[in-house]
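Asks: Below is the file coords_27.txt, with compact mmCIF, C-alpha atoms.
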# COMPACT_ATOMS: atom_id res chain seq x y z
CA MET A 1 -76.59 37.78 67.95
CA PRO A 2 -76.63 35.69 64.79
CA ASP A 3 -77.54 32.05 65.16
CA HIS A 4 -76.66 29.12 63.02
CA PHE A 5 -79.29 30.07 60.50
CA GLY A 6 -77.72 33.42 59.89
CA ALA A 7 -80.66 35.17 61.46
CA PRO A 8 -80.63 37.09 64.72
CA VAL A 9 -81.90 35.27 67.77
CA ALA A 10 -83.47 37.28 70.52
CA ILE A 11 -82.16 36.16 73.88
CA SER A 12 -85.46 37.08 75.46
CA ARG A 13 -87.01 34.24 73.53
CA PHE A 14 -85.10 31.83 75.68
CA GLN A 15 -86.71 33.17 78.78
CA ARG A 16 -90.11 32.15 77.59
CA LEU A 17 -89.19 28.52 77.33
CA LYS A 18 -90.47 26.30 80.08
CA THR A 19 -90.15 22.59 79.57
CA ASN A 20 -87.05 20.66 78.98
CA THR A 21 -85.54 17.26 78.75
CA ARG A 22 -82.11 16.00 79.75
CA SER A 23 -79.47 18.60 80.15
CA HIS A 24 -75.77 18.41 79.50
CA PRO A 25 -74.38 21.71 80.67
CA GLY A 26 -70.75 22.06 79.83
CA ARG A 27 -70.88 20.38 76.50
CA CYS A 28 -71.82 23.57 74.80
CA PRO A 29 -69.42 26.15 76.18
CA GLY A 30 -70.60 28.69 73.69
CA LEU A 31 -73.99 28.62 75.28
CA LEU A 32 -72.89 28.95 78.85
CA HIS A 33 -73.41 32.67 78.83
CA PHE A 34 -77.10 31.91 78.47
CA ALA A 35 -77.09 29.88 81.66
CA PRO A 36 -78.55 32.61 83.88
CA LEU A 37 -81.36 32.97 81.41
CA ALA A 38 -81.74 29.30 80.94
CA LEU A 39 -82.81 28.30 84.40
CA GLY A 40 -86.13 27.26 82.96
CA ILE A 41 -84.62 25.62 79.93
CA GLN A 42 -81.76 23.33 79.35
CA VAL A 43 -78.96 23.01 76.92
CA LEU A 44 -79.10 19.79 75.06
CA THR A 45 -76.62 17.76 73.21
CA ARG A 46 -78.11 14.97 71.21
CA THR A 47 -77.27 12.87 68.28
CA LEU A 48 -79.24 13.94 65.33
CA HIS A 49 -80.95 10.67 64.70
CA ARG A 50 -82.88 11.24 67.93
CA TRP A 51 -84.01 14.62 66.88
CA ASP A 52 -87.00 13.41 65.00
CA GLN A 53 -90.27 15.19 65.36
CA ALA A 54 -88.37 18.43 65.71
CA ARG A 55 -89.73 21.72 64.62
CA ILE A 56 -87.18 24.23 63.56
CA LYS A 57 -87.84 27.88 64.08
CA ARG A 58 -86.03 30.62 62.33
CA ARG A 59 -86.53 34.31 62.08
CA ASN A 60 -86.76 35.93 58.73
CA PRO A 61 -84.02 38.56 58.71
CA LEU A 62 -86.09 40.87 56.53
CA SER A 63 -89.53 40.63 58.02
CA GLY A 64 -88.52 39.62 61.51
CA GLN A 65 -91.24 36.96 61.59
CA LEU A 66 -90.72 33.51 62.96
CA SER A 67 -91.37 30.58 60.72
CA GLU A 68 -91.43 26.89 61.50
CA SER A 69 -90.45 23.89 59.53
CA ARG A 70 -91.19 20.41 60.76
CA HIS A 71 -88.40 17.93 60.77
CA PRO A 72 -89.44 14.62 59.23
CA VAL A 73 -89.44 11.52 61.39
CA GLY A 74 -86.32 9.43 61.10
CA PRO A 75 -82.63 10.11 60.74
CA PHE A 76 -81.65 13.69 60.49
CA PRO A 77 -81.31 14.85 56.89
CA PHE A 78 -77.69 15.80 56.59
CA ASN A 79 -78.37 17.66 53.40
CA PHE A 80 -80.76 19.92 55.21
CA PRO A 81 -79.04 23.23 54.60
CA LEU A 82 -80.05 24.95 57.77
CA LEU A 83 -79.02 22.31 60.25
CA SER A 84 -76.15 20.42 58.78
CA ASN A 85 -72.98 21.19 60.56
CA ARG A 86 -69.57 20.54 59.14
CA ASN A 87 -69.41 17.01 60.37
CA GLY A 88 -73.08 16.31 59.90
CA LYS A 89 -73.34 14.30 63.09
CA HIS A 90 -74.22 16.38 66.09
CA LEU A 91 -75.69 19.73 66.76
CA CYS A 92 -76.03 21.60 69.95
CA GLY A 93 -79.04 23.67 70.73
CA ILE A 94 -81.79 24.72 73.02
CA ILE A 95 -85.08 22.99 72.53
CA ASN A 96 -88.53 23.27 73.94
CA ARG A 97 -90.64 20.17 74.28
CA ARG A 98 -94.22 20.83 73.41
CA SER A 99 -97.27 19.18 74.86
CA ASN A 100 -97.63 17.07 71.76
CA ASN A 101 -94.12 15.75 72.36
CA SER A 102 -92.65 17.64 69.47
CA LEU A 103 -89.53 19.67 69.90
CA ASP A 104 -88.93 23.26 68.97
CA LEU A 105 -85.35 23.87 68.07
CA LEU A 106 -84.54 27.47 68.80
CA PHE A 107 -80.81 27.66 68.65
CA LEU A 108 -78.14 25.59 67.11
CA HIS A 109 -74.57 25.85 68.09
CA PRO A 110 -72.38 25.81 65.02
CA LYS A 111 -69.72 23.65 66.64
CA GLU A 112 -69.93 19.94 67.00
CA PRO A 113 -70.21 19.47 70.78
CA ARG A 114 -68.96 15.96 71.26
CA THR A 115 -65.92 16.60 69.13
CA MET A 116 -65.28 19.82 70.98
CA TYR A 117 -65.63 18.06 74.31
CA SER A 118 -63.27 15.31 73.23
CA ARG A 119 -60.74 17.78 71.93
CA THR A 120 -60.84 19.67 75.20
CA ALA A 121 -60.28 16.50 77.17
CA LEU A 122 -57.53 15.40 74.82
CA GLY A 123 -55.81 18.76 75.06
CA ALA A 124 -56.01 18.77 78.83
CA GLY A 125 -54.63 15.26 78.91
CA ILE A 126 -51.72 16.20 76.70
CA VAL A 127 -50.91 19.20 78.88
CA VAL A 128 -51.06 17.14 82.05
CA LEU A 129 -48.93 14.41 80.51
CA THR A 130 -46.39 16.91 79.27
CA LEU A 131 -46.11 18.57 82.66
CA ALA A 132 -45.79 15.22 84.37
CA LEU A 133 -43.06 14.09 82.00
CA TRP A 134 -41.28 17.40 82.37
CA ALA A 135 -41.42 17.19 86.17
CA VAL A 136 -40.24 13.59 86.21
CA GLY A 137 -37.54 14.27 83.65
CA THR A 138 -36.31 17.32 85.51
CA ALA A 139 -36.25 15.47 88.78
CA LEU A 140 -34.37 12.56 87.27
CA VAL A 141 -31.89 14.52 85.21
CA ARG A 142 -31.09 17.59 87.28
CA PRO A 143 -30.68 16.98 91.01
CA ALA A 144 -31.47 19.52 93.66
CA TRP A 145 -28.76 21.64 95.18
CA PRO A 146 -27.02 19.66 97.94
CA ARG A 147 -27.71 20.36 101.59
CA ASN A 148 -24.17 19.60 102.66
CA LEU A 149 -21.19 21.83 102.02
CA GLY A 150 -18.60 20.33 99.75
CA VAL A 151 -17.24 19.74 96.27
CA TYR A 152 -19.30 17.86 93.74
CA ILE A 153 -18.56 16.56 90.26
CA ALA A 154 -21.21 16.24 87.57
CA THR A 155 -21.18 14.19 84.41
CA SER A 156 -22.62 16.95 82.23
CA SER A 157 -24.01 20.45 82.37
CA GLU A 158 -27.53 19.06 82.46
CA VAL A 159 -27.01 17.44 85.82
CA ILE A 160 -25.43 20.41 87.55
CA PRO A 161 -28.13 21.59 89.92
CA VAL A 162 -29.37 25.11 89.62
CA PHE A 163 -28.93 27.51 92.48
CA PRO A 164 -31.72 27.37 95.03
CA ARG A 165 -33.90 30.41 95.43
CA THR A 166 -33.69 30.34 99.20
CA ILE A 167 -31.57 28.70 101.85
CA SER A 168 -32.17 28.77 105.55
CA GLY A 169 -30.29 31.46 107.46
CA TYR A 170 -29.09 33.39 104.45
CA ARG A 171 -30.34 35.84 101.91
CA PRO A 172 -28.95 36.13 98.41
CA ALA A 173 -26.43 38.88 97.82
CA GLY A 174 -27.23 41.31 95.06
CA ASN A 175 -26.35 40.68 91.47
CA ASN A 176 -22.62 40.83 90.92
CA LYS A 177 -22.06 41.53 94.61
CA SER A 178 -19.91 39.65 97.10
CA TYR A 179 -20.75 38.86 100.71
CA TRP A 180 -19.79 42.39 101.61
CA ASP A 181 -21.69 44.03 98.78
CA HIS A 182 -18.51 44.65 96.83
CA ARG A 183 -18.67 44.37 93.08
CA PHE A 184 -17.83 40.90 91.92
CA ALA A 185 -18.36 39.26 88.57
CA SER A 186 -20.65 36.38 89.40
CA THR A 187 -20.42 34.90 85.92
CA GLY A 188 -17.51 34.57 83.60
CA SER A 189 -14.52 32.40 82.89
CA ILE A 190 -11.04 31.91 84.22
CA ARG A 191 -8.05 30.48 82.41
CA ILE A 192 -6.02 27.85 84.17
CA PHE A 193 -2.46 27.03 83.19
CA GLU A 194 -0.77 23.75 83.84
CA SER A 195 1.91 23.88 86.50
CA ASN A 196 3.85 21.58 88.74
CA ARG A 197 2.69 23.21 91.95
CA MET B 1 -16.23 32.73 116.60
CA ASN B 2 -14.48 32.50 113.25
CA HIS B 3 -17.04 34.39 111.18
CA CYS B 4 -17.12 31.59 108.69
CA SER B 5 -20.86 31.63 108.82
CA ASP B 6 -21.15 35.21 107.61
CA GLY B 7 -21.89 33.95 104.15
CA VAL B 8 -21.92 30.98 101.87
CA LEU B 9 -20.97 30.63 98.26
CA MET B 10 -22.20 28.43 95.50
CA ILE B 11 -20.47 27.86 92.21
CA ARG B 12 -21.38 25.93 89.11
CA TRP B 13 -18.68 25.35 86.57
CA ARG B 14 -17.58 23.40 83.55
CA SER B 15 -14.43 23.02 81.57
CA ALA B 16 -14.20 24.37 78.05
CA ASN B 17 -12.15 21.36 76.99
CA PRO B 18 -13.48 17.90 77.79
CA ASP B 19 -10.02 16.41 77.28
CA MET B 20 -8.62 18.25 80.25
CA ARG B 21 -8.87 16.72 83.71
CA ILE B 22 -9.61 19.42 86.25
CA ALA B 23 -9.15 18.94 89.98
CA THR B 24 -11.32 21.17 92.14
CA VAL B 25 -11.29 21.86 95.81
CA LEU B 26 -12.58 24.35 98.33
CA SER B 27 -9.60 25.93 100.06
CA SER B 28 -9.42 28.13 103.12
CA SER B 29 -6.88 30.56 104.45
CA THR B 30 -4.54 29.20 107.07
CA GLY B 31 -3.98 32.61 108.60
CA ASP B 32 -0.21 32.10 108.83
CA GLY B 33 0.80 33.63 105.54
CA ASN B 34 0.31 30.53 103.56
CA PRO B 35 -2.38 31.25 101.09
CA TYR B 36 -4.77 28.42 101.27
CA MET B 37 -5.18 24.89 102.48
CA PRO B 38 -7.68 22.54 100.97
CA SER B 39 -10.58 22.10 103.30
CA GLY B 40 -11.58 18.85 101.70
CA GLN B 41 -10.52 16.25 99.23
CA ALA B 42 -10.11 17.42 95.66
CA LYS B 43 -12.34 15.92 93.04
CA THR B 44 -11.58 15.61 89.35
CA GLY B 45 -13.89 16.11 86.42
CA ASN B 46 -15.03 18.47 83.70
CA PHE B 47 -18.29 19.60 85.26
CA GLY B 48 -19.05 20.36 88.84
CA TYR B 49 -20.38 22.55 91.56
CA MET B 50 -19.29 23.57 95.03
CA TYR B 51 -20.95 24.77 98.15
CA GLY B 52 -18.78 26.47 100.73
CA VAL B 53 -18.61 29.13 103.39
CA ASN B 54 -17.14 32.61 103.18
CA CYS B 55 -13.80 31.37 104.60
CA GLU B 56 -13.38 29.14 101.60
CA GLN B 57 -12.84 29.71 97.95
CA PRO B 58 -13.03 27.41 94.95
CA MET B 59 -9.77 26.40 93.32
CA PHE B 60 -9.01 24.61 90.08
CA LYS B 61 -5.97 22.79 88.81
CA ILE B 62 -5.12 20.89 85.66
CA VAL B 63 -4.11 17.38 86.62
CA GLY B 64 -3.95 15.72 83.23
CA THR B 65 -5.30 15.32 79.74
CA ARG B 66 -7.12 12.68 77.76
CA ASN B 67 -7.08 11.44 74.20
CA GLY B 68 -3.52 12.59 73.61
CA ASN B 69 -4.45 16.20 74.10
CA ASN B 70 -1.33 18.31 74.62
CA SER B 71 -3.03 21.45 75.87
CA ASN B 72 -1.53 23.11 78.89
CA LEU B 73 -4.32 25.55 79.58
CA VAL B 74 -8.04 25.47 79.81
CA ASP B 75 -10.88 27.87 80.40
CA ILE B 76 -13.39 27.30 83.15
CA TYR B 77 -16.82 28.82 82.77
CA TYR B 78 -18.40 29.54 86.09
CA GLU B 79 -21.44 30.98 87.75
CA LEU B 80 -21.30 32.16 91.35
CA LYS B 81 -23.87 32.97 93.92
CA PHE B 82 -23.15 34.57 97.27
CA TRP B 83 -25.40 34.48 100.27
CA GLN B 84 -25.30 36.82 103.22
CA ALA B 85 -26.14 35.79 106.75
CA ALA B 86 -29.70 36.58 107.69
CA PRO B 87 -32.02 35.70 110.56
What is this structure when it is put down as structure tokens?
Replies:
Amino acid sequence: MPDHFGAPVAISRFQRLKTNTRSHPGRCPGLLHFAPLALGIQVLTRTLHRWDQARIKRRNPLSGQLSESRHPVGPFPFNFPLLSNRNGKHLCGIINRRSNNSLDLLFLHPKEPRTMYSRTALGAGIVVLTLALWAVGTALVRPAWPRNLGVYIATSSEVIPVFPRTISGYRPAGNNKSYWDHRFASTGSIRIFESNR
Amino acid sequence: MNHCSDGVLMIRWRSANPDMRIATVLSSSTGDGNPYMPSGQAKTGNFGYMYGVNCEQPMFKIVGTRNGNNSNLVDIYYELKFWQAAP
């Protein structure tokens, strides 16, 4: 599986990780499939300016050897070619805290987690709001079919209630069938002529 | 027992011409040769729906026009649904 560095990352490497810091599972959906392997590690989401003292590991795609580069103390260098994401603000990864309090960064998620999380929440909110408005609008505009027998007048087609799917004590006749299962056009038009009767 | 609970009907309808005033009513057979008697008070409009039993049927009648319309006929578009008695 290629990582953010363009080099393959062995999943088994994750199993060797032991120590961790705060976890934010759910902010990195792309990493969730590692969760069973990550019981001893945690998925982190951090702002880059806190990621000082980090050591970045990458595997050479040709030799297969791991190499480390130490991240300088201070704000994250956004021009760092291996770690800069598109927005240059946040990266998502799996880290290992060493005994000397340095961090090994083993995997970087290419997507910006906070933005992704916000977009998910925003999308869910829009869907919920749309459904709520649709339900309210439908309830206000189109009434339910009446319970009482009778003749009803509507002000427009939009407020003519739709047929119910069930009514107590009856079952719907078949399509284009009358009460007695005779053929009957259930949709159509009739022409009415003016008369004095 | 008059068997008027053997089924129910539902109809949704609208007039093709909004300038025509349409009276609607559910009518039932009198059983004495006369075709039908209204089973309720007619209502007038261009859109509507009815809910009746199998002894009734929907009826429509032109009762006037609006906006100087001189039409003497109108089409009614309808949609029916029949229900059969069930437990």
Asks: Residues of chain B within 6 Å of chain A: nearest atom pair and distance (Å, one decimal) for each, counting only C-alpha atoms, sorted by chain and number, as a Markdown table?
Replies:
| residue | atom | partner | partner_atom | distance |
| --- | --- | --- | --- | --- |
| B:Phe47 | CA | A:Ala154 | CA | 5.0 |
| B:Gly48 | CA | A:Ile153 | CA | 4.1 |
| B:Tyr49 | CA | A:Tyr152 | CA | 5.3 |
| B:Met50 | CA | A:Val151 | CA | 4.5 |
| B:Tyr51 | CA | A:Leu149 | CA | 4.9 |
| B:Gly52 | CA | A:Leu149 | CA | 5.4 |
| B:Ile62 | CA | A:Glu194 | CA | 5.5 |
| B:Asn72 | CA | A:Glu194 | CA | 5.0 |
| B:Leu73 | CA | A:Phe193 | CA | 4.3 |
| B:Val74 | CA | A:Ile192 | CA | 5.4 |
| B:Asp75 | CA | A:Arg191 | CA | 4.3 |
| B:Ile76 | CA | A:Ser189 | CA | 5.2 |
| B:Tyr77 | CA | A:Ser189 | CA | 4.3 |
| B:Tyr78 | CA | A:Gly188 | CA | 5.7 |
| B:Glu79 | CA | A:Thr187 | CA | 4.4 |
| B:Leu80 | CA | A:Ser186 | CA | 4.7 |
| B:Phe82 | CA | A:Ala173 | CA | 5.4 |
| B:Trp83 | CA | A:Pro172 | CA | 4.3 |
| B:Gln84 | CA | A:Tyr170 | CA | 5.3 |
| B:Ala85 | CA | A:Tyr170 | CA | 4.4 |
| B:Ala86 | CA | A:Tyr170 | CA | 4.6 |
| B:Pro87 | CA | A:Gly169 | CA | 5.5 |
Asks: If I take CA of Gly125 (chain A) and CA of Ala144 (chain A), how far is one from the other in Å, to one decimal?
Replies: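 Interatomic distance, CA of Gly125 (chain A) to CA of Ala144 (chain A): 27.8 Å.
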Asks: Could you work out how far CA of Asn17 (chain B) lies from CA of Thr65 (chain B), giving the answer in Å with one decimal?
Replies: 9.5 Å
Asks: From the set B:Lys61, B:Arg66, B:Arg21, B:Lys81, which residue has the shortest atom-to-atom contact distance to Asn46 (chain B), counting all atoms listed in the file?
Replies: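 Closest candidate: B:Arg21.
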Asks: One decimal, Å: what's the distance from CA of Ala23 (chain B) over to CA of Ala42 (chain B), could you say?
Replies: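 Between CA of Ala23 (chain B) and CA of Ala42 (chain B) the gap is 6.0 Å.
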